[in-house]
Structure formats: structure tokens, C-alpha cells
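Q: One file is attached below, structure-v8.txt, containing compact mmCIF, C-alpha atoms and all ligand atoms.
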```txt
# COMPACT_ATOMS: atom_id res chain seq x y z
CA MET A 1 63.99 284.05 239.82
CA LYS A 2 64.70 280.92 241.81
CA VAL A 3 62.94 280.37 245.12
CA LEU A 4 63.64 277.82 247.87
CA ILE A 5 60.96 276.92 250.41
CA ILE A 6 61.93 275.16 253.64
CA GLY A 7 59.40 272.70 255.08
CA SER A 8 57.33 269.69 254.11
CA GLY A 9 53.68 270.24 255.01
CA GLY A 10 50.43 271.50 253.57
CA ARG A 11 51.47 275.01 254.52
CA GLU A 12 54.61 274.79 252.38
CA HIS A 13 52.56 273.40 249.49
CA ALA A 14 50.23 276.40 249.74
CA ILE A 15 53.22 278.78 249.82
CA ALA A 16 54.82 277.05 246.82
CA TRP A 17 51.54 277.15 244.86
CA LYS A 18 51.26 280.88 245.49
CA VAL A 19 54.91 281.62 244.69
CA ALA A 20 54.50 279.73 241.39
CA GLN A 21 51.99 282.37 240.25
CA ASN A 22 54.70 285.02 240.00
CA PRO A 23 55.70 285.15 236.30
CA GLN A 24 59.30 285.98 237.21
CA VAL A 25 59.70 282.76 239.13
CA GLU A 26 61.24 280.17 236.84
CA LYS A 27 62.12 277.52 239.41
CA ILE A 28 60.95 276.55 242.90
CA TYR A 29 62.74 274.12 245.18
CA CYS A 30 61.32 272.73 248.39
CA ALA A 31 63.46 271.13 251.10
CA PRO A 32 62.55 268.49 251.99
CA GLY A 33 59.05 268.84 250.47
CA ASN A 34 56.65 265.92 250.00
CA GLY A 35 55.05 263.83 247.26
CA GLY A 36 52.53 266.45 246.16
CA ILE A 37 54.71 269.55 246.43
CA GLY A 38 56.64 267.90 243.60
CA GLN A 39 53.90 269.14 241.25
CA VAL A 40 54.96 272.77 241.69
CA ALA A 41 58.48 272.52 243.05
CA GLU A 42 61.52 270.28 242.82
CA CYS A 43 61.88 268.51 246.15
CA VAL A 44 65.40 268.49 247.55
CA PRO A 45 66.36 265.76 250.05
CA ILE A 46 67.86 268.07 252.67
CA GLY A 47 66.30 268.19 256.13
CA ALA A 48 64.87 271.46 257.44
CA MET A 49 67.40 271.48 260.29
CA GLU A 50 70.47 270.93 258.08
CA PHE A 51 71.25 274.63 257.88
CA ASP A 52 74.74 274.41 256.38
CA LYS A 53 73.60 272.02 253.67
CA LEU A 54 70.59 274.20 252.90
CA ALA A 55 72.74 277.32 252.64
CA ALA A 56 75.28 275.51 250.46
CA PHE A 57 72.47 274.36 248.17
CA ALA A 58 71.05 277.88 247.96
CA LYS A 59 74.48 279.26 247.01
CA GLU A 60 75.23 276.59 244.48
CA ARG A 61 71.84 276.94 242.75
CA GLU A 62 71.92 280.75 243.00
CA ILE A 63 68.62 280.93 244.87
CA ASP A 64 67.26 284.49 244.88
CA LEU A 65 64.85 284.08 247.77
CA THR A 66 64.36 281.48 250.51
CA ILE A 67 61.07 281.30 252.43
CA VAL A 68 61.13 279.40 255.71
CA GLY A 69 57.76 277.80 256.45
CA MET A 70 58.47 275.84 259.62
CA ASP A 71 58.99 276.84 263.23
CA ASP A 72 61.93 274.57 264.19
CA PRO A 73 64.47 275.94 261.69
CA LEU A 74 63.41 279.52 262.43
CA VAL A 75 63.81 279.08 266.18
CA GLY A 76 67.09 277.24 265.54
CA GLY A 77 68.51 280.19 263.58
CA VAL A 78 68.40 279.16 259.91
CA VAL A 79 67.85 282.79 258.89
CA ASP A 80 71.08 283.87 260.60
CA VAL A 81 73.02 281.13 258.78
CA PHE A 82 71.59 282.22 255.40
CA GLU A 83 72.22 285.91 256.06
CA LYS A 84 75.80 285.21 257.04
CA GLU A 85 76.26 283.61 253.64
CA GLY A 86 74.80 286.70 251.97
CA LEU A 87 71.60 284.90 250.96
CA ARG A 88 68.17 286.58 250.85
CA VAL A 89 65.80 284.88 253.23
CA PHE A 90 62.28 285.56 254.49
CA GLY A 91 61.70 284.89 258.19
CA PRO A 92 62.77 286.17 261.61
CA ARG A 93 66.32 285.79 262.88
CA LYS A 94 66.91 283.56 265.87
CA ASN A 95 66.74 286.45 268.34
CA ALA A 96 63.27 287.35 267.03
CA ALA A 97 61.90 283.83 266.42
CA ILE A 98 62.14 283.45 270.20
CA LEU A 99 58.72 285.10 270.16
CA GLU A 100 57.47 281.60 269.30
CA GLY A 101 60.42 279.61 270.64
CA SER A 102 59.96 280.63 274.28
CA LYS A 103 56.56 281.13 275.85
CA ALA A 104 58.23 282.52 278.99
CA PHE A 105 59.91 285.16 276.80
CA SER A 106 56.68 286.07 275.02
CA LYS A 107 54.73 286.32 278.28
CA ASP A 108 57.39 288.59 279.82
CA LEU A 109 57.38 290.73 276.67
CA MET A 110 53.61 291.15 276.79
CA LYS A 111 53.72 292.03 280.47
CA LYS A 112 56.49 294.59 279.99
CA TYR A 113 54.69 296.29 277.08
CA ASN A 114 51.11 296.01 278.40
CA ILE A 115 49.91 293.72 275.62
CA PRO A 116 46.71 291.97 276.76
CA THR A 117 47.27 288.31 277.68
CA ALA A 118 46.35 285.87 280.46
CA ALA A 119 47.92 286.40 283.90
CA TYR A 120 50.87 284.03 284.44
CA GLU A 121 54.05 283.10 286.31
CA ASN A 122 57.19 281.43 284.94
CA PHE A 123 59.01 278.65 286.84
CA ASP A 124 62.41 276.99 286.43
CA ASN A 125 61.92 274.82 289.47
CA PRO A 126 59.19 272.16 289.88
CA GLU A 127 58.91 272.55 293.68
CA GLU A 128 58.23 276.24 293.34
CA ALA A 129 55.67 275.56 290.62
CA ILE A 130 53.85 273.11 292.88
CA ALA A 131 53.97 275.47 295.86
CA TYR A 132 52.43 278.18 293.68
CA LEU A 133 49.70 275.80 292.51
CA LYS A 134 48.87 274.90 296.12
CA GLU A 135 48.83 278.43 297.45
CA LYS A 136 47.66 280.71 294.67
CA ALA A 137 46.11 278.83 291.77
CA GLU A 138 42.47 278.91 290.71
CA PHE A 139 41.25 275.98 288.64
CA PRO A 140 41.08 275.20 285.80
CA ILE A 141 44.62 276.38 285.18
CA VAL A 142 46.90 276.12 282.16
CA LEU A 143 50.43 274.68 282.15
CA LYS A 144 52.69 275.37 279.19
CA ALA A 145 56.09 273.97 278.36
CA ASP A 146 58.24 276.98 277.48
CA GLY A 147 59.71 275.68 274.20
CA LEU A 148 58.50 274.13 270.96
CA ALA A 149 56.50 270.95 271.54
CA LEU A 150 54.71 270.31 268.23
CA GLY A 151 51.69 272.20 269.57
CA LYS A 152 51.28 269.63 272.34
CA GLY A 153 52.99 271.29 275.28
CA VAL A 154 49.84 272.89 276.72
CA LEU A 155 47.92 271.15 279.52
CA ILE A 156 44.60 272.39 280.86
CA CYS A 157 44.23 271.09 284.42
CA ASN A 158 40.94 271.04 286.30
CA THR A 159 42.25 270.09 289.75
CA LEU A 160 45.35 270.50 291.89
CA GLU A 161 46.10 266.78 291.43
CA GLU A 162 45.99 267.10 287.65
CA ALA A 163 48.19 270.17 287.77
CA GLU A 164 50.76 268.46 290.02
CA GLU A 165 50.81 265.55 287.59
CA GLY A 166 51.24 268.06 284.75
CA VAL A 167 54.26 269.71 286.39
CA LYS A 168 55.79 266.26 286.73
CA THR A 169 55.06 265.39 283.08
CA ILE A 170 56.58 268.59 281.74
CA MET A 171 59.42 269.40 284.17
CA LEU A 172 60.54 266.05 285.59
CA ASP A 173 59.56 263.35 283.08
CA LYS A 174 60.49 265.83 280.32
CA LYS A 175 57.75 264.57 278.01
CA PHE A 176 58.49 267.51 275.69
CA GLY A 177 62.25 267.35 276.20
CA SER A 178 64.15 270.53 277.02
CA ALA A 179 61.04 272.52 276.04
CA GLY A 180 59.94 271.73 279.60
CA ASN A 181 62.97 273.20 281.39
CA THR A 182 60.84 276.26 282.08
CA LEU A 183 57.12 276.14 282.80
CA VAL A 184 54.53 278.85 282.32
CA ILE A 185 51.50 278.63 284.60
CA GLU A 186 48.71 280.67 283.13
CA GLU A 187 45.19 281.79 283.94
CA PHE A 188 42.49 279.82 282.07
CA MET A 189 40.54 281.97 279.63
CA THR A 190 37.25 281.30 277.87
CA GLY A 191 36.01 282.65 274.57
CA ARG A 192 36.31 282.16 270.83
CA GLU A 193 39.73 281.55 269.36
CA VAL A 194 40.86 283.42 266.26
CA SER A 195 44.11 283.25 264.31
CA VAL A 196 45.36 286.46 262.75
CA LEU A 197 48.48 286.19 260.60
CA SER A 198 50.53 289.18 259.55
CA PHE A 199 53.49 290.27 257.46
CA VAL A 200 56.09 292.30 259.35
CA ASP A 201 59.15 294.20 258.05
CA GLY A 202 60.69 295.18 261.38
CA LYS A 203 58.62 298.35 261.73
CA THR A 204 55.40 298.01 259.72
CA ILE A 205 52.83 295.28 260.23
CA LYS A 206 50.08 294.36 257.76
CA THR A 207 47.58 291.81 258.96
CA MET A 208 46.01 289.18 256.73
CA THR A 209 42.41 288.05 256.79
CA SER A 210 41.40 286.13 259.96
CA ALA A 211 41.00 282.37 260.31
CA GLN A 212 40.06 279.73 262.83
CA ASP A 213 41.63 276.34 263.38
CA HIS A 214 40.08 273.14 264.81
CA LYS A 215 42.81 271.53 266.88
CA ARG A 216 41.02 268.51 268.35
CA ALA A 217 40.96 265.21 266.47
CA LYS A 218 37.23 264.49 266.70
CA ASP A 219 33.92 266.15 265.94
CA GLY A 220 32.55 268.48 268.59
CA ASP A 221 36.11 269.41 269.66
CA GLN A 222 36.58 266.04 271.32
CA GLY A 223 39.65 263.85 271.30
CA LEU A 224 43.33 264.69 271.39
CA ASN A 225 45.03 267.86 270.23
CA THR A 226 46.45 267.64 266.72
CA GLY A 227 48.39 269.94 264.43
CA GLY A 228 44.98 271.14 263.15
CA MET A 229 42.12 269.22 261.49
CA GLY A 230 40.69 272.07 259.45
CA THR A 231 40.26 275.80 259.18
CA PHE A 232 37.91 278.47 257.91
CA SER A 233 38.52 282.06 256.89
CA PRO A 234 37.45 284.71 257.66
CA SER A 235 36.20 284.30 261.24
CA PRO A 236 32.75 285.89 261.52
CA PHE A 237 33.50 286.55 265.20
CA TYR A 238 36.44 288.79 264.35
CA THR A 239 34.57 292.06 263.91
CA LYS A 240 35.80 295.44 262.74
CA GLU A 241 35.77 296.71 266.34
CA ILE A 242 37.84 293.78 267.53
CA ASP A 243 40.27 294.35 264.67
CA GLU A 244 40.64 298.02 265.58
CA PHE A 245 41.32 297.12 269.20
CA CYS A 246 43.94 294.53 268.24
CA GLN A 247 45.69 296.78 265.70
CA LYS A 248 46.10 299.42 268.40
CA ASN A 249 46.75 297.29 271.48
CA ILE A 250 48.29 294.05 270.22
CA TYR A 251 49.70 294.01 266.68
CA GLN A 252 51.75 297.20 266.35
CA PRO A 253 52.74 297.13 270.05
CA THR A 254 54.21 293.64 269.56
CA VAL A 255 56.31 294.75 266.59
CA ASP A 256 57.42 297.88 268.45
CA ALA A 257 58.23 295.87 271.58
CA MET A 258 60.45 293.48 269.61
CA ALA A 259 62.25 296.42 267.99
CA ALA A 260 62.70 298.13 271.37
CA GLU A 261 64.25 294.93 272.72
CA GLY A 262 66.78 294.90 269.88
CA ARG A 263 65.02 291.93 268.31
CA GLU A 264 63.72 293.43 265.08
CA PHE A 265 61.08 291.03 263.70
CA LYS A 266 60.86 290.42 259.95
CA GLY A 267 58.61 287.70 258.62
CA ILE A 268 55.24 286.38 259.71
CA ILE A 269 53.73 286.93 263.14
CA PHE A 270 50.78 284.65 263.81
CA PHE A 271 48.65 285.96 266.67
CA GLY A 272 46.64 283.26 268.43
CA LEU A 273 43.88 285.27 270.08
CA MET A 274 41.14 284.49 272.55
CA LEU A 275 38.12 286.80 272.33
CA THR A 276 37.27 286.97 276.04
CA GLU A 277 34.50 288.90 277.80
CA LYS A 278 37.16 291.40 278.81
CA GLY A 279 38.34 291.85 275.24
CA PRO A 280 40.83 290.11 272.96
CA LYS A 281 43.90 288.57 274.59
CA VAL A 282 46.97 286.86 273.15
CA LEU A 283 47.05 283.07 273.67
CA GLU A 284 50.30 282.59 271.82
CA TYR A 285 52.56 283.93 269.12
CA ASN A 286 53.95 281.93 266.22
CA ALA A 287 56.71 283.16 263.97
CA ARG A 288 55.44 281.58 260.72
CA PHE A 289 52.28 280.80 258.77
CA GLY A 290 49.86 278.45 260.55
CA ASP A 291 49.21 275.00 259.21
CA PRO A 292 46.35 274.61 258.13
CA GLU A 293 45.63 278.37 258.42
CA ALA A 294 47.86 279.02 255.39
CA GLN A 295 45.66 276.70 253.34
CA VAL A 296 42.65 279.05 253.71
CA VAL A 297 44.38 282.42 253.97
CA ILE A 298 46.83 282.15 251.05
CA PRO A 299 44.21 281.16 248.41
CA ARG A 300 42.30 284.34 249.32
CA MET A 301 45.36 286.62 249.10
CA LYS A 302 45.31 288.97 246.11
CA ASN A 303 48.91 290.17 246.34
CA ASP A 304 51.92 288.43 244.93
CA MET A 305 53.65 286.40 247.66
CA VAL A 306 57.19 287.04 246.41
CA GLU A 307 56.63 290.79 246.27
CA VAL A 308 55.30 290.91 249.84
CA CYS A 309 58.15 288.75 251.18
CA GLN A 310 60.70 290.99 249.42
CA ALA A 311 59.06 294.08 250.96
CA CYS A 312 59.38 292.54 254.42
CA ILE A 313 63.07 291.86 253.86
CA ASP A 314 63.67 295.36 252.44
CA GLY A 315 61.65 297.19 255.09
CA THR A 316 59.21 298.61 252.52
CA LEU A 317 56.02 296.90 253.61
CA ASP A 318 54.42 300.33 254.15
CA GLN A 319 54.28 300.61 250.35
CA ILE A 320 52.27 297.40 249.93
CA ASN A 321 48.48 297.44 249.92
CA LEU A 322 47.74 293.98 251.28
CA GLU A 323 44.40 292.74 249.96
CA PHE A 324 42.25 289.66 250.32
CA GLU A 325 39.29 288.49 248.27
CA ASP A 326 35.87 289.32 249.61
CA ASN A 327 34.85 285.66 249.92
CA ALA A 328 35.49 282.73 252.23
CA ALA A 329 37.47 279.50 252.30
CA VAL A 330 37.28 276.26 254.26
CA CYS A 331 40.01 273.61 254.54
CA VAL A 332 39.18 270.08 255.67
CA VAL A 333 42.17 267.93 256.59
CA LEU A 334 42.07 264.34 255.35
CA ALA A 335 44.03 262.33 257.89
CA SER A 336 45.02 258.72 258.44
CA ASP A 337 42.61 257.05 260.87
CA GLY A 338 44.32 256.83 264.27
CA TYR A 339 46.12 260.18 263.99
CA PRO A 340 47.55 261.71 266.20
CA VAL A 341 48.45 258.47 268.00
CA SER A 342 49.25 255.66 265.59
CA TYR A 343 48.22 254.97 262.02
CA GLU A 344 49.22 253.04 258.95
CA LYS A 345 50.66 254.67 255.85
CA GLY A 346 51.66 253.78 252.31
CA PHE A 347 48.11 253.57 250.87
CA PRO A 348 47.59 254.80 247.30
CA ILE A 349 45.55 258.03 246.99
CA GLU A 350 42.93 258.15 244.23
CA GLY A 351 41.05 261.11 242.82
CA LEU A 352 43.68 263.86 243.02
CA GLU A 353 43.17 264.65 239.32
CA SER A 354 39.58 265.73 240.07
CA PHE A 355 40.97 269.06 241.30
CA GLU A 356 42.74 269.89 238.03
CA GLY A 357 41.29 272.96 236.35
CA LYS A 358 38.61 273.47 239.01
CA GLU A 359 38.82 277.07 240.07
CA GLY A 360 38.41 277.69 243.79
CA TYR A 361 39.23 274.08 244.74
CA TYR A 362 42.67 273.06 245.99
CA VAL A 363 44.31 269.98 247.40
CA PHE A 364 47.41 270.74 249.45
CA HIS A 365 49.64 267.80 250.30
CA ALA A 366 50.95 267.28 253.84
CA GLY A 367 51.80 263.64 254.54
CA THR A 368 52.19 262.18 251.06
CA ALA A 369 55.03 260.49 249.22
CA LEU A 370 55.71 259.47 245.66
CA LYS A 371 56.14 255.69 245.34
CA ASP A 372 56.60 254.00 241.97
CA GLY A 373 55.11 257.07 240.30
CA LYS A 374 52.01 257.06 242.50
CA ILE A 375 51.07 259.34 245.37
CA VAL A 376 50.64 257.40 248.63
CA THR A 377 49.79 258.34 252.21
CA ASN A 378 52.88 259.05 254.29
CA GLY A 379 51.75 260.76 257.49
CA GLY A 380 49.00 261.56 259.96
CA ARG A 381 47.68 264.63 258.21
CA VAL A 382 47.67 263.54 254.57
CA LEU A 383 45.92 266.25 252.55
CA GLY A 384 44.20 269.59 253.07
CA VAL A 385 41.17 270.02 250.83
CA THR A 386 40.36 273.71 250.47
CA ALA A 387 37.42 275.28 248.68
CA LYS A 388 36.34 278.86 248.30
CA GLY A 389 32.78 280.17 248.26
CA ALA A 390 30.97 283.48 248.29
CA THR A 391 30.09 282.84 251.94
CA LEU A 392 31.49 280.59 254.65
CA LYS A 393 28.50 278.31 254.31
CA GLU A 394 29.05 277.90 250.60
CA ALA A 395 32.78 277.36 251.09
CA ARG A 396 32.05 274.66 253.66
CA LYS A 397 29.60 272.92 251.33
CA ASN A 398 32.14 273.05 248.50
CA ALA A 399 35.02 271.81 250.65
CA TYR A 400 33.06 268.82 251.96
CA ALA A 401 31.88 267.98 248.44
CA ALA A 402 35.53 267.98 247.31
CA THR A 403 36.59 265.67 250.15
CA GLU A 404 34.47 263.02 248.41
CA TRP A 405 36.64 263.20 245.30
CA ILE A 406 39.54 261.70 247.22
CA ARG A 407 39.80 258.05 248.19
CA PHE A 408 42.38 256.19 250.24
CA GLU A 409 42.26 253.42 252.77
CA ASN A 410 41.85 254.62 256.40
CA LYS A 411 40.81 258.15 255.27
CA TYR A 412 39.59 260.11 258.30
CA MET A 413 38.22 263.64 258.66
CA ARG A 414 36.13 265.78 260.94
CA HIS A 415 32.65 266.57 259.68
CA ASP A 416 32.11 269.81 261.55
CA ILE A 417 34.85 272.11 260.26
CA GLY A 418 33.39 275.60 260.18
CA LYS A 419 30.17 274.53 261.84
CA ALA A 420 30.60 277.28 264.46
CA ILE A 421 29.79 279.82 261.76
CA ASP A 422 26.12 278.80 262.06
CA GLU A 423 26.13 280.55 265.43
CA ALA A 424 27.55 283.79 264.07
P1 LIG A 501 48.88 277.48 272.50
O1 LIG A 501 49.88 276.49 271.95
O2 LIG A 501 49.41 278.41 273.52
O3 LIG A 501 48.04 278.11 271.44
O4 LIG A 501 47.80 276.55 273.24
C1 LIG A 501 47.13 275.52 272.55
C2 LIG A 501 45.67 275.59 272.86
O5 LIG A 501 45.44 275.50 274.27
C3 LIG A 501 45.05 276.93 272.46
O6 LIG A 501 44.69 276.96 271.12
C4 LIG A 501 43.86 276.98 273.41
O7 LIG A 501 42.79 276.20 272.91
C5 LIG A 501 44.39 276.34 274.66
N1 LIG A 501 44.89 277.36 275.59
C6 LIG A 501 46.13 277.87 275.66
N2 LIG A 501 46.23 278.81 276.62
C7 LIG A 501 45.01 278.89 277.18
C8 LIG A 501 44.45 279.68 278.24
N3 LIG A 501 45.19 280.55 278.91
N4 LIG A 501 43.16 279.52 278.52
C9 LIG A 501 42.41 278.62 277.86
N5 LIG A 501 42.87 277.84 276.87
C10 LIG A 501 44.15 277.97 276.52
N1 LIG A 502 47.41 275.53 263.25
C1 LIG A 502 48.17 276.00 264.34
C2 LIG A 502 49.59 276.18 264.06
O1 LIG A 502 50.04 276.14 262.94
O2 LIG A 502 50.32 276.41 265.00
```
Mind turning the file's structure into C-alpha cells?
A:
Amino acid sequence: MKVLIIGSGGREHAIAWKVAQNPQVEKIYCAPGNGGIGQVAECVPIGAMEFDKLAAFAKEREIDLTIVGMDDPLVGGVVDVFEKEGLRVFGPRKNAAILEGSKAFSKDLMKKYNIPTAAYENFDNPEEAIAYLKEKAEFPIVLKADGLALGKGVLICNTLEEAEEGVKTIMLDKKFGSAGNTLVIEEFMTGREVSVLSFVDGKTIKTMTSAQDHKRAKDGDQGLNTGGMGTFSPSPFYTKEIDEFCQKNIYQPTVDAMAAEGREFKGIIFFGLMLTEKGPKVLEYNARFGDPEAQVVIPRMKNDMVEVCQACIDGTLDQINLEFEDNAAVCVVLASDGYPVSYEKGFPIEGLESFEGKEGYYVFHAGTALKDGKIVTNGGRVLGVTAKGATLKEARKNAYAATEWIRFENKYMRHDIGKAIDEA
């Protein structure tokens, strides 16, 4: 079998590493990939948004299965382009990826199908948004750009002034581009956040083990929002009771709602949940694996990735018994100092070989490149260092020990990934 993976981050490296374990897989390509993914896959210099080139490549190389890791190509319709060419591809079509691509759509869907989420209103017009804020809003309040904004299109505003400024930033200054044509104004919720990822075949949904991300750049959840500075899995706050509630009231209802709307969803649904005093509520949906959630969830997955993806495409997920190891994993992101604002790159990375042959320790590449035969830093989030352990505490200890094996100039990380588990 030949497999193509679309994307270039730590998530795609984790997917490629897992796919490589299938004995039938003889060749993996990754477009565009990165320096480290080159260890398990052949990187192909085609951008993730170059759909026609990607499809032509898949045809020419007789790719048996394409797995789309990233949100932009999914929302842009790469799956439709591949299907039209008769290619097998794992991921939602454009009309289903809208679950992530439009927050206004997802909020309306949840309202229509009684799926628990924060109260909200959608606005196409900035004056109306401001009038609503003046007359009806309670603070803090949350403003969300409707479209994809690299995880940065959410503003939490404590005062009317801040919120008015926020409307201007999103809708008039267009800081997030056309993603801000529509604005969602949403009730502020408090509670623990949990990420639950799932495989979906259009009808059946099978959830994976839970995880939690740390989105802020600095220790103690301070600093700017990032793509994610580290994760742990499972979340000790995600109890059996909460899972039962979500299976019944959130997960299956979402899949059924999409089917009822004529938007059959096949692929990954990532449920961003807030565990509020009034029960679990949906913060957001994503239509793909999380990054760096994938880096803790995939190493704990017992099933074969290719088999599960095929079952989603074929609509036979009900026949799969999805299983995860009864242990824990922690991923600490090694970033370039200055991320997410500005940072230098091109520094050689030392110590990667320390991971070779060490079971339960992984280094997933995100922002790396191969230069003169050496791996160098090439982005804000450089590497994800994952370690497993019997317990979360042990996994955290192992992961932080492994971060010491890696050296590069301007290496930066948070020191409190998974610290919340002490409170559990
Ligand atoms: P999202 O992209 O919708 O997940 O939002 C990014 C982050 O903003 C979430 O992970 C939360 O930390 C925060 N957030 C989003 N919506 C709300 C809300 N309604 N109440 C409180 N925090 C929120
Ligand atoms: N880690 C959050 C995301 O992938 O959206």
C-alpha cells in the first residue's frame, strides 16, 4: 500500500509514524512534510492547498489512501477534488468540514439539534453587533471570527469598550481576513477544558481517549494564545459519567445532525468541551486531529490507523473495536523563544538520536527543516517531545526528562504541562 499524508506539523508526523506500523504499507509520502517527517515518509514539495497538483501526484504514484491532517485543505474542499478523481481519501468533504470552517454554522447546528453549547448570536453587520453588546451583553463576553483564523480568532472581552474594540478588529480591520465577515458573540463559560477526538464514518462515531491542550505561551496559562504548547492524555477530569453524558447528548447527536442536514461527516471530529457547573458544553468543533493532541492520543492507540481510516471511508466503523492503552502520555512542545510573535530559525538541533530505540519516548517534528544533511529549527513550534508512563505523573516526569536530551539555540518550553493533574 502507498499512503499520502497532507500537512506539515507534529500532528502529521504522529500520523505518519502510526501509519508506518502497518505491515502492508510499503511507502508513505507527506506533502509538504518537514525535516523530521522525512525519517518515515518521503516529503513531496506540493503545498497543502494545491489540490489539483496533490490529486495529480496521488494518481501518478497510485496512492491507495490519502489522509488529510490539516484544517485549511479540508475546509477548502480537498476531499471533494480527490473523490472526483476516484481517489480514496480520509477526511470530511467540504460541505461537512464546515463544522470547523464556520463557527456560525456550528452554533446554529447545535441550537437546532439541542446540543449543549454557550448561548450566542451571529452578526454580519458591525453596527448590529455593537448595539447588541450595548443592550444585552453580560461581561466577560466572547467574540469569535466565524472562519478559520489559526486558532487566534477568539477574543475574551471584559468590558464593553474591549468588546467594541474587538468588533472593530474582527469585522472592520479584518485582522483575520474574511474569517471575520461574520461574528459570533457568545456567552463566557468557566470550567475545565477537555479535547475528545473521534473517528466518524457518516453514521457511527467512536471516540478516542481524552486529552487536554495548553494553549497559552507561558507557564500558569499566561501570555498569548498559541497553536498549543503541550498536551496530556487522558484527562483525569473527564469521568465515566461525563463521557456517558457526552456520548448521548453531544457526540452521536452531532453526527446525526450532520447527516440530517445532508452533510454526512466522515473523518475526525474533535470536540472541544468545557466542563461547566451545568454540565459539559461544546466550545468548538474541529474536523481533524488536534495538534498537539494527536501527539499524545495516537501513541496510546492500539488499533491500526490505516484500518480505522478505511472503515470510516467504507462506513464500517461499527465493526471496529477502538482501543487505547491503559496508561498516560504527556507531550511538551519545544518552541523557538519569542513564539508566537517573532523568533529566529535555522539553528541546528542536537540530541535527536537519543530517542532511537527508547520505547515510550517520541520526538515529533513540527517546525524543522533538513539543511546540508542536518536537522535545523524552521518554525515557532519546533518539536513535540512525548513520553508515556503508567500514570500521568510518571508520563510528565518522563516527558520533561526527555526534553533535556534535545539542545538548540533559543529553545523554549513551558514547565507546567500537565500540572493540573495534581489537582485531580
Ligand atoms: P475555540 O477556538 O472556540 O476553541 O476558542 C479558543 C479558546 O478560547 C478555547 O480553548 C477557550 O479557552 C476559549 N473560549 C472559547 N469560547 C469560550 C467561551 N464561550 N467561554 C470561555 N472561554 C472560551
Ligand atoms: N490544539 C488545538 C487544535 O489543534 O486546534
Q: Step by step, measure atom-to-atom distances between ligand LIG 501 (chain A) and each residue using all atoms listed in the file, keep those at most 6 Å, then write them as a compact mmCIF listing (two decimals) with C-alpha atoms, in the coordinates of the input.
A:
```txt
# COMPACT_ATOMS: atom_id res chain seq x y z
CA ALA A 118 46.35 285.87 280.46
CA VAL A 142 46.90 276.12 282.16
CA GLY A 151 51.69 272.20 269.57
CA VAL A 154 49.84 272.89 276.72
CA GLU A 186 48.71 280.67 283.13
CA GLU A 187 45.19 281.79 283.94
CA PHE A 188 42.49 279.82 282.07
CA MET A 189 40.54 281.97 279.63
CA THR A 190 37.25 281.30 277.87
CA LEU A 283 47.05 283.07 273.67
CA GLU A 284 50.30 282.59 271.82
```
Q: Go through the chains and note each residue within 7 Å of ligand LIG 502 (chain A), using only C-alpha atoms and all ligand atoms, then give the set as number ranges by chain.
A: A: 151, 213, 227-228, 286, 289-293
Q: In terms of the shortest atom-to-atom distance over only C-alpha atoms, which of A:Val68, A:Met258, A:Leu155, A:Cys246 is closest to Asn225 of chain A?
A: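 Ranked by minimum distance to Asn225 of chain A, first place goes to A:Leu155.
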Q: Leaving out Ala329 of chain A and any residue of its chain fewer than 4 positions from it, which residues lie within 7 Å of it when counting all atoms listed in the file, given as a list in words?
A: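 My list of contacting residues is Phe232, Ser233, Val296, Thr386, Ala387, Lys388, Gly389, Leu392 and Ala395 of chain A.
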Q: Any idea what the distance is between atom CA of Glu121 of chain A and atom CA of Pro280 of chain A?
A: 20.1 Å
Q: Report, in Å with one decimal, the straight-line distance from atom CA of Glu277 of chain A to atom CA of Gln252 of chain A.
A: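 Those two atoms sit 22.3 Å apart.
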Q: For atom CA of Leu383 of chain A and atom CA of Lys18 of chain A, quote the distance in Å rounded to one decimal.
A: 17.1 Å
Q: Given the choices A:Lys174, A:Val196, A:Thr207, A:Ala287, which gets closest to Met70 of chain A if the distance is worked out from all atoms listed in the file?
A: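 Residue with the minimum atom-to-atom distance to Met70 of chain A: A:Ala287.
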Q: Pick from A:Phe237, A:Phe199, A:Phe245, A:Tyr285: nearest to Lys107 of chain A, with all atoms listed in the file counted?
A: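 Selected residue with least distance to Lys107 of chain A: A:Tyr285.
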Q: Would you please work out which residue, of A:Ile250, A:Leu183, A:Val330, A:Val40, is nearest to Phe105 of chain A when using all atoms listed in the file?
A: A:Leu183
Q: Could you check which of A:Tyr29, A:Phe324, A:Phe51, A:Tyr113 is closest to Asp80 of chain A, using only C-alpha atoms?
A: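 Smallest separation from Asp80 of chain A among the options: A:Phe51.
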Q: Using all atoms listed in the file, can you tell me which of A:Ala257, A:Gln21, A:Leu334, A:Ser210 comes closest to Lys240 of chain A?
A: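 When distances to Lys240 of chain A are compared using all atoms listed in the file, the smallest one comes from A:Ser210.
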Q: At a cut-off of 12 Å around the point (57.9, 277.5, 233.9) (file coordinates), what residues fall inside when counting all atoms listed in the file? I'd like the answer as a list of chain:residue names.
A: A:Met1, A:Lys2, A:Val19, A:Ala20, A:Gln21, A:Asn22, A:Pro23, A:Gln24, A:Val25, A:Glu26, A:Lys27, A:Ile28, A:Gln39, A:Val40, A:Ala41
